[in-house]
>>> print(open('my_file-v8.cif').read())   # mmCIF, C-alpha atoms and all ligand atoms
data_query
loop_
_atom_site.label_atom_id
_atom_site.label_comp_id
_atom_site.auth_asym_id
_atom_site.auth_seq_id
_atom_site.Cartn_x
_atom_site.Cartn_y
_atom_site.Cartn_z
CA MET A 308 58.60 -58.79 12.91
CA ALA A 309 60.45 -60.97 10.40
CA SER A 310 62.72 -63.43 12.15
CA ASP A 311 65.89 -65.10 11.00
CA PRO A 312 64.72 -67.90 8.65
CA SER A 313 67.73 -69.97 9.64
CA SER A 314 66.34 -70.24 13.19
CA THR A 315 62.99 -71.85 12.28
CA HIS A 316 64.39 -75.38 12.61
CA SER A 317 65.00 -74.80 16.32
CA LEU A 318 61.29 -74.25 17.15
CA PRO A 319 59.86 -76.98 19.38
CA PRO A 320 57.27 -79.17 17.66
CA ALA A 321 53.73 -77.85 18.24
CA LEU A 322 51.85 -80.26 20.53
CA PRO A 323 48.06 -80.53 20.36
CA PRO A 324 46.41 -79.27 23.60
CA ALA A 325 44.84 -81.75 26.03
CA LEU A 326 41.36 -80.74 24.85
CA PRO A 327 40.71 -79.41 21.35
CA TRP A 328 39.50 -75.81 20.94
CA ASN A 329 35.72 -76.11 21.09
CA ALA A 330 33.35 -74.06 18.93
CA ARG A 331 29.68 -74.12 19.92
CA ILE A 332 27.49 -72.41 17.38
CA LEU A 333 23.89 -71.29 17.94
CA THR A 334 22.15 -70.64 14.67
CA LEU A 335 18.87 -70.88 12.79
CA PHE A 336 20.83 -72.42 9.90
CA PRO A 337 22.82 -75.38 11.26
CA ALA A 338 23.49 -76.69 7.73
CA MET A 339 25.82 -73.69 7.18
CA PHE A 340 28.45 -75.40 9.43
CA PRO A 341 31.21 -76.40 9.10
CA GLY A 342 30.68 -75.00 5.59
CA LEU A 343 33.93 -73.53 4.31
CA LEU A 344 35.71 -74.75 7.43
CA GLY A 345 35.19 -78.36 6.37
CA GLN A 346 37.83 -77.79 3.66
CA SER A 347 41.58 -77.14 3.53
CA LEU A 348 43.55 -76.32 6.68
CA ALA A 349 40.56 -76.02 9.05
CA GLY A 350 38.88 -79.11 7.58
CA LYS A 351 41.99 -81.25 8.03
CA ALA A 352 42.44 -79.90 11.56
CA LEU A 353 38.81 -80.79 12.35
CA GLU A 354 39.39 -84.34 11.07
CA LYS A 355 42.55 -84.59 13.18
CA GLY A 356 40.65 -83.44 16.29
CA LEU A 357 42.68 -80.23 16.72
CA TRP A 358 39.40 -78.36 17.17
CA SER A 359 35.82 -79.52 17.66
CA LEU A 360 32.48 -78.18 16.54
CA ASP A 361 28.99 -78.45 18.09
CA VAL A 362 26.15 -76.85 16.19
CA HIS A 363 22.87 -76.06 17.97
CA ASP A 364 19.65 -75.17 16.20
CA ILE A 365 18.07 -72.27 18.11
CA ARG A 366 14.69 -73.31 16.74
CA ASP A 367 14.83 -76.54 18.81
CA HIS A 368 14.24 -74.31 21.84
CA ALA A 369 11.07 -72.66 20.60
CA HIS A 370 8.00 -73.67 22.58
CA ASP A 371 5.11 -73.47 20.14
CA ARG A 372 4.16 -75.80 17.35
CA HIS A 373 5.29 -73.29 14.71
CA ARG A 374 8.78 -73.23 16.30
CA THR A 375 8.65 -69.45 16.53
CA VAL A 376 11.94 -67.75 17.43
CA ASP A 377 11.12 -64.08 16.75
CA ASP A 378 8.51 -61.41 17.32
CA THR A 379 7.83 -57.77 16.45
CA PRO A 380 9.89 -55.07 18.23
CA PHE A 381 8.33 -53.27 21.20
CA GLY A 382 8.08 -49.60 20.31
CA GLY A 383 7.47 -50.35 16.65
CA GLY A 384 9.85 -50.31 13.74
CA PRO A 385 10.75 -52.64 10.91
CA GLY A 386 11.73 -56.28 11.09
CA MET A 387 11.62 -58.89 13.79
CA VAL A 388 13.61 -59.47 16.98
CA MET A 389 14.85 -62.82 18.29
CA ARG A 390 13.00 -63.75 21.49
CA PRO A 391 15.03 -63.75 24.72
CA ASP A 392 13.33 -66.82 26.21
CA VAL A 393 14.08 -69.00 23.16
CA VAL A 394 17.67 -67.78 22.72
CA ALA A 395 18.40 -68.04 26.47
CA ALA A 396 17.20 -71.65 26.51
CA ALA A 397 19.43 -72.39 23.51
CA ILE A 398 22.43 -70.76 25.23
CA THR A 399 21.87 -72.74 28.42
CA ALA A 400 21.75 -76.00 26.46
CA ALA A 401 24.75 -75.14 24.27
CA ALA A 402 26.89 -73.90 27.16
CA SER A 403 26.32 -77.00 29.28
CA GLY A 404 29.62 -78.64 30.29
CA MET A 405 31.76 -76.00 28.63
CA ALA A 406 35.26 -75.42 29.97
CA GLU A 407 35.90 -72.50 32.32
CA GLY A 408 37.10 -69.49 30.36
CA THR A 409 35.04 -70.26 27.25
CA ALA A 410 34.19 -66.99 25.46
CA MET A 411 30.48 -66.14 25.16
CA ILE A 412 30.00 -64.24 21.90
CA TYR A 413 27.13 -62.62 20.07
CA PHE A 414 27.97 -61.40 16.57
CA SER A 415 26.73 -57.85 16.06
CA PRO A 416 27.72 -54.78 14.01
CA ARG A 417 27.76 -52.87 17.33
CA GLY A 418 30.39 -55.15 18.84
CA ARG A 419 34.11 -55.00 19.51
CA ARG A 420 35.83 -55.05 16.14
CA LEU A 421 37.50 -58.43 15.53
CA ASP A 422 41.26 -58.01 15.20
CA GLN A 423 44.33 -60.20 15.53
CA ALA A 424 44.68 -59.36 19.24
CA LEU A 425 41.18 -60.67 19.95
CA VAL A 426 41.79 -63.69 17.70
CA ARG A 427 44.95 -64.52 19.66
CA GLU A 428 43.08 -64.08 22.97
CA LEU A 429 40.36 -66.48 21.82
CA ALA A 430 42.85 -69.02 20.44
CA ALA A 431 44.59 -69.10 23.83
CA GLY A 432 41.33 -70.06 25.58
CA PRO A 433 39.37 -73.32 25.56
CA GLY A 434 36.83 -72.23 22.94
CA ALA A 435 33.78 -70.09 22.27
CA VAL A 436 30.00 -70.25 22.38
CA MET A 437 28.86 -68.12 19.42
CA VAL A 438 25.33 -66.83 18.92
CA CYS A 439 24.52 -65.99 15.30
CA GLY A 440 21.82 -63.36 15.04
CA ARG A 441 19.21 -63.09 12.27
CA TYR A 442 16.42 -60.60 11.53
CA GLU A 443 17.09 -57.30 13.40
CA GLY A 444 19.07 -59.13 16.07
CA LEU A 445 18.62 -60.31 19.68
CA ASP A 446 16.45 -58.91 22.45
CA GLU A 447 18.85 -56.82 24.60
CA ARG A 448 17.93 -58.67 27.80
CA VAL A 449 19.41 -61.96 26.69
CA ILE A 450 22.68 -60.23 25.75
CA ASP A 451 22.85 -58.75 29.26
CA GLN A 452 21.73 -61.80 31.16
CA ALA A 453 24.07 -64.23 29.42
CA GLY A 454 26.94 -61.70 29.53
CA LEU A 455 27.55 -62.03 25.80
CA MET A 456 30.54 -60.20 24.32
CA GLU A 457 29.39 -58.49 21.13
CA VAL A 458 31.85 -58.97 18.27
CA SER A 459 31.72 -57.29 14.86
CA ILE A 460 33.71 -58.35 11.81
CA GLY A 461 33.53 -54.89 10.24
CA ASP A 462 31.49 -51.79 9.57
CA TYR A 463 28.92 -53.31 7.24
CA VAL A 464 25.70 -55.23 7.85
CA LEU A 465 25.45 -58.94 7.07
CA SER A 466 22.15 -60.77 6.92
CA GLY A 467 23.22 -63.08 9.75
CA GLY A 468 26.02 -63.90 12.18
CA GLU A 469 26.96 -67.19 10.50
CA MET A 470 29.54 -65.64 8.14
CA ALA A 471 31.01 -63.74 11.08
CA ALA A 472 31.34 -67.02 13.01
CA LEU A 473 33.11 -68.66 10.06
CA VAL A 474 35.50 -65.70 9.78
CA LEU A 475 36.31 -65.71 13.49
CA MET A 476 36.81 -69.48 13.59
CA ASP A 477 39.03 -69.50 10.50
CA ALA A 478 41.29 -66.86 12.05
CA VAL A 479 41.44 -68.72 15.39
CA ILE A 480 41.91 -72.23 14.01
CA ARG A 481 45.03 -71.38 12.01
CA LEU A 482 46.70 -70.26 15.27
CA LEU A 483 45.93 -73.48 17.17
CA PRO A 484 48.90 -75.72 17.95
CA GLY A 485 49.52 -78.31 15.24
CA VAL A 486 47.22 -76.73 12.63
CA MET A 487 49.86 -74.98 10.51
CA GLY A 488 52.81 -77.03 9.34
CA ASN A 489 55.26 -74.24 10.09
CA ALA A 490 54.47 -72.68 13.46
CA GLN A 491 56.71 -69.74 12.50
CA ALA A 492 54.53 -68.85 9.49
CA HIS A 493 51.83 -66.92 11.33
CA ALA A 494 54.35 -65.13 13.53
CA GLU A 495 55.27 -63.20 10.37
CA ASP A 496 51.70 -62.48 9.22
CA SER A 497 50.21 -59.01 8.97
CA PHE A 498 49.15 -57.63 12.39
CA GLU A 499 51.17 -60.14 14.46
CA GLU A 500 53.72 -57.44 15.27
CA GLY A 501 51.38 -54.54 14.56
CA LEU A 502 52.59 -53.99 10.98
CA LEU A 503 51.23 -55.10 7.62
CA GLU A 504 53.21 -57.78 5.83
CA HIS A 505 56.14 -57.06 3.50
CA PRO A 506 55.82 -57.98 -0.23
CA LEU A 507 56.19 -61.67 -1.14
CA TYR A 508 57.87 -63.23 -4.21
CA THR A 509 58.33 -66.76 -5.56
CA GLN A 510 59.42 -68.48 -8.80
CA PRO A 511 59.92 -67.58 -11.58
CA ARG A 512 62.70 -65.15 -10.74
CA GLU A 513 61.88 -63.11 -13.87
CA TRP A 514 58.22 -62.74 -14.82
CA ASN A 515 56.67 -60.45 -17.45
CA GLY A 516 59.83 -58.34 -17.46
CA MET A 517 59.78 -57.96 -13.67
CA ALA A 518 62.60 -59.33 -11.53
CA VAL A 519 62.52 -60.40 -7.89
CA PRO A 520 64.46 -57.85 -5.75
CA ASP A 521 68.13 -58.93 -5.70
CA ILE A 522 68.33 -58.81 -1.91
CA LEU A 523 65.92 -61.77 -1.62
CA THR A 524 68.25 -64.04 -3.58
CA SER A 525 71.42 -62.78 -1.85
CA GLY A 526 71.38 -65.43 0.87
CA ASN A 527 72.13 -62.69 3.42
CA HIS A 528 69.47 -63.40 6.07
CA GLU A 529 70.13 -60.27 8.13
CA ALA A 530 69.94 -58.00 5.07
CA ILE A 531 66.71 -59.74 4.01
CA ARG A 532 65.25 -59.28 7.49
CA GLN A 533 66.07 -55.57 7.42
CA TRP A 534 64.66 -55.14 3.89
CA ARG A 535 61.41 -56.86 4.89
CA GLN A 536 61.14 -54.79 8.05
CA ALA A 537 61.63 -51.56 6.09
CA LYS A 538 59.02 -52.60 3.50
CA ALA A 539 56.52 -53.61 6.20
CA GLU A 540 56.99 -50.24 7.89
CA ALA A 541 56.62 -48.31 4.60
CA ILE A 542 53.45 -50.21 3.59
CA THR A 543 51.89 -49.76 7.02
CA ARG A 544 52.73 -46.04 7.07
CA ALA A 545 51.21 -45.55 3.60
CA ARG A 546 48.09 -47.72 3.96
CA ARG A 547 47.16 -47.74 7.64
CA PRO A 548 48.04 -44.55 9.51
CA ASP A 549 46.13 -45.89 12.54
CA LEU A 550 48.33 -49.01 12.82
CA TRP A 551 51.44 -46.96 12.06
CA ALA A 552 50.73 -44.49 14.86
CA ALA A 553 50.12 -47.33 17.33
CA TRP A 554 53.30 -49.12 16.24
CA GLN A 555 55.40 -45.95 16.58
CA ALA A 556 53.96 -45.32 20.05
CA ARG A 557 54.91 -48.88 21.08
CA GLN A 558 58.47 -48.45 19.76
CA LYS A 559 58.87 -45.22 21.76
CA SER A 560 57.64 -46.85 24.97
CA LYS A 561 60.09 -49.79 24.65
N1 LIG B 601 19.69 -54.46 13.09
C1 LIG B 601 21.06 -54.76 13.22
C2 LIG B 601 21.88 -53.46 13.29
O1 LIG B 601 21.46 -52.47 12.71
O2 LIG B 601 22.94 -53.45 13.93
C3 LIG B 601 21.56 -55.62 12.06
C4 LIG B 601 20.98 -56.98 12.09
S1 LIG B 601 21.68 -58.03 10.87
C5 LIG B 601 20.55 -57.87 9.57
C6 LIG B 601 21.34 -59.66 11.47
C7 LIG B 601 22.47 -60.30 12.24
O3 LIG B 601 23.62 -60.40 11.42
C8 LIG B 601 22.94 -59.59 13.47
O4 LIG B 601 22.13 -59.85 14.58
C9 LIG B 601 24.34 -60.16 13.65
O5 LIG B 601 24.31 -61.38 14.35
C10 LIG B 601 24.78 -60.40 12.22
N2 LIG B 601 25.68 -59.35 11.71
C11 LIG B 601 25.39 -58.41 10.79
N3 LIG B 601 26.41 -57.63 10.53
C12 LIG B 601 27.44 -58.06 11.29
C13 LIG B 601 28.79 -57.64 11.46
N4 LIG B 601 29.29 -56.62 10.80
N5 LIG B 601 29.56 -58.34 12.32
C14 LIG B 601 29.06 -59.38 13.01
N6 LIG B 601 27.78 -59.82 12.89
C15 LIG B 601 26.97 -59.17 12.04
#
>>> encode(input="my_file-v8.cif", output="structure tokens", more="lines below")
Ligand code: SAM
Amino acid sequence: MASDPSSTHSLPPALPPALPWNARILTLFPAMFPGLLGQSLAGKALEKGLWSLDVHDIRDHAHDRHRTVDDTPFGGGPGMVMRPDVVAAAITAAASGMAEGTAMIYFSPRGRRLDQALVRELAAGPGAVMVCGRYEGLDERVIDQAGLMEVSIGDYVLSGGEMAALVLMDAVIRLLPGVMGNAQAHAEDSFEEGLLEHPLYTQPREWNGMAVPDILTSGNHEAIRQWRQAKAEAITRARRPDLWAAWQARQKSK
């Protein structure tokens, strides 16, 4: 996982892709975007054109004067369901002219759990159309007809898909070419190699009676790499037995 820090200078400069990664959001709350992603790394990348954002108001596709987007569930039960005709019309409009290979996503607690592998997959593609649910969620027929991939950001229930979209986009954007100053930085992040990250230290060398481990100031890059690898393995084994088992299985099959 950790690589020789002395080799980072030899990485080729990251070139922006021909077309920026394109996020197309379908939401009932367009003012929530870019939201947090208008700041910091993602915000600067948006300004530089390293990714692009189109936000579509699902309500623009309602066909009554009250701009109704939901109705009661067939079969009874609490809450409201987003109408398939309205959402399908919004998807058709939002997906128009999108590049081949664009991911079609509906955020849902039932979906595939977002992880770094899926983030990398999405970052390697041209972009994503992302439907943010509200109320009890979407009518099943529109999920099927549009072939939406359901994606969950964790085993808890949010009030809408907008936060999930922001989380997914933040994770993708930092992987896009040219977004992070040091392209090597995310190669050493947690999950990139299947392990959690080793502990990090910076100045001051002594703080509140605690010293930085000597090895990190030794200048011995190979010893530092081995120390970090051992720490990453120990932390993963202690905190995430699921990741540890998968990592061990991969090592055995190498
Ligand atoms: N009735 C749904 C259920 O039990 O699975 C929950 C609906 S939730 C109140 C409204 C919307 O928030 C969902 O349609 C989805 O778009 C979004 N959402 C909620 N939790 C989510 C999660 N963990 N991951 C991704 N999206 C989520």
>>> closest_residue(input="my_file-v8.cif", among="A:Trp328, A:Tyr442, A:Trp358, A:Trp514", to="Asp378 in chain A", atoms="only C-alpha atoms")
A:Tyr442
>>> closest_residue(input="my_file-v8.cif", among="A:Ile460, A:Val436, A:Glu354, A:Met387", to="Gly418 in chain A", atoms="all atoms listed in the file")
A:Ile460
>>> closest_atom_pairs(input="my_file-v8.cif", of="chain A", to="ligand LIG 601 (chain B)", cutoff="7 Å", atoms="only C-alpha atoms and all ligand atoms", output="tab-separated table")
residue	atom	partner	partner_atom	distance
A:Tyr413	CA	B:LIG601	O5	6.5
A:Phe414	CA	B:LIG601	N6	4.0
A:Ser415	CA	B:LIG601	N6	3.9
A:Pro416	CA	B:LIG601	C13	4.0
A:Arg417	CA	B:LIG601	O2	5.9
A:Cys439	CA	B:LIG601	O5	4.7
A:Gly440	CA	B:LIG601	O5	3.3
A:Arg441	CA	B:LIG601	C6	4.1
A:Tyr442	CA	B:LIG601	C6	5.0
A:Glu443	CA	B:LIG601	N1	3.9
A:Gly444	CA	B:LIG601	O4	3.5
A:Leu445	CA	B:LIG601	O4	6.2
A:Val458	CA	B:LIG601	C14	6.0
A:Ser459	CA	B:LIG601	N5	3.5
A:Ile460	CA	B:LIG601	N5	4.2
A:Gly461	CA	B:LIG601	N4	4.6
A:Asp462	CA	B:LIG601	N4	5.4
A:Tyr463	CA	B:LIG601	N4	4.9
A:Val464	CA	B:LIG601	N3	3.7
A:Leu465	CA	B:LIG601	C11	3.8
A:Ser466	CA	B:LIG601	C5	4.2
A:Gly467	CA	B:LIG601	O3	3.2
A:Gly468	CA	B:LIG601	C10	3.7
A:Ala471	CA	B:LIG601	C14	5.2
>>> write_last_selection(input="my_file-v8.cif", atoms="C-alpha atoms", output="CSV table (one decimal), keeping the file's coordinate frame")
chain,number,residue,atom,x,y,z
A,413,TYR,CA,27.1,-62.6,20.1
A,414,PHE,CA,28.0,-61.4,16.6
A,415,SER,CA,26.7,-57.8,16.1
A,416,PRO,CA,27.7,-54.8,14.0
A,417,ARG,CA,27.8,-52.9,17.3
A,439,CYS,CA,24.5,-66.0,15.3
A,440,GLY,CA,21.8,-63.4,15.0
A,441,ARG,CA,19.2,-63.1,12.3
A,442,TYR,CA,16.4,-60.6,11.5
A,443,GLU,CA,17.1,-57.3,13.4
A,444,GLY,CA,19.1,-59.1,16.1
A,445,LEU,CA,18.6,-60.3,19.7
A,458,VAL,CA,31.8,-59.0,18.3
A,459,SER,CA,31.7,-57.3,14.9
A,460,ILE,CA,33.7,-58.4,11.8
A,461,GLY,CA,33.5,-54.9,10.2
A,462,ASP,CA,31.5,-51.8,9.6
A,463,TYR,CA,28.9,-53.3,7.2
A,464,VAL,CA,25.7,-55.2,7.8
A,465,LEU,CA,25.4,-58.9,7.1
A,466,SER,CA,22.2,-60.8,6.9
A,467,GLY,CA,23.2,-63.1,9.8
A,468,GLY,CA,26.0,-63.9,12.2
A,471,ALA,CA,31.0,-63.7,11.1
>>> closest_residue(input="my_file-v8.cif", among="A:Leu333, A:Ala478, A:Ala553, A:Leu348", to="Asp496 in chain A", atoms="all atoms listed in the file")
A:Ala478
>>> closest_residue(input="my_file-v8.cif", among="A:Asp549, A:Leu343, A:Leu360, A:Val479", to="Leu421 in chain A", atoms="only C-alpha atoms")
A:Val479
>>> atom_distance(input="my_file-v8.cif", atom1="CA of Glu428 in chain A", atom2="CA of Val362 in chain A")
22.3 Å
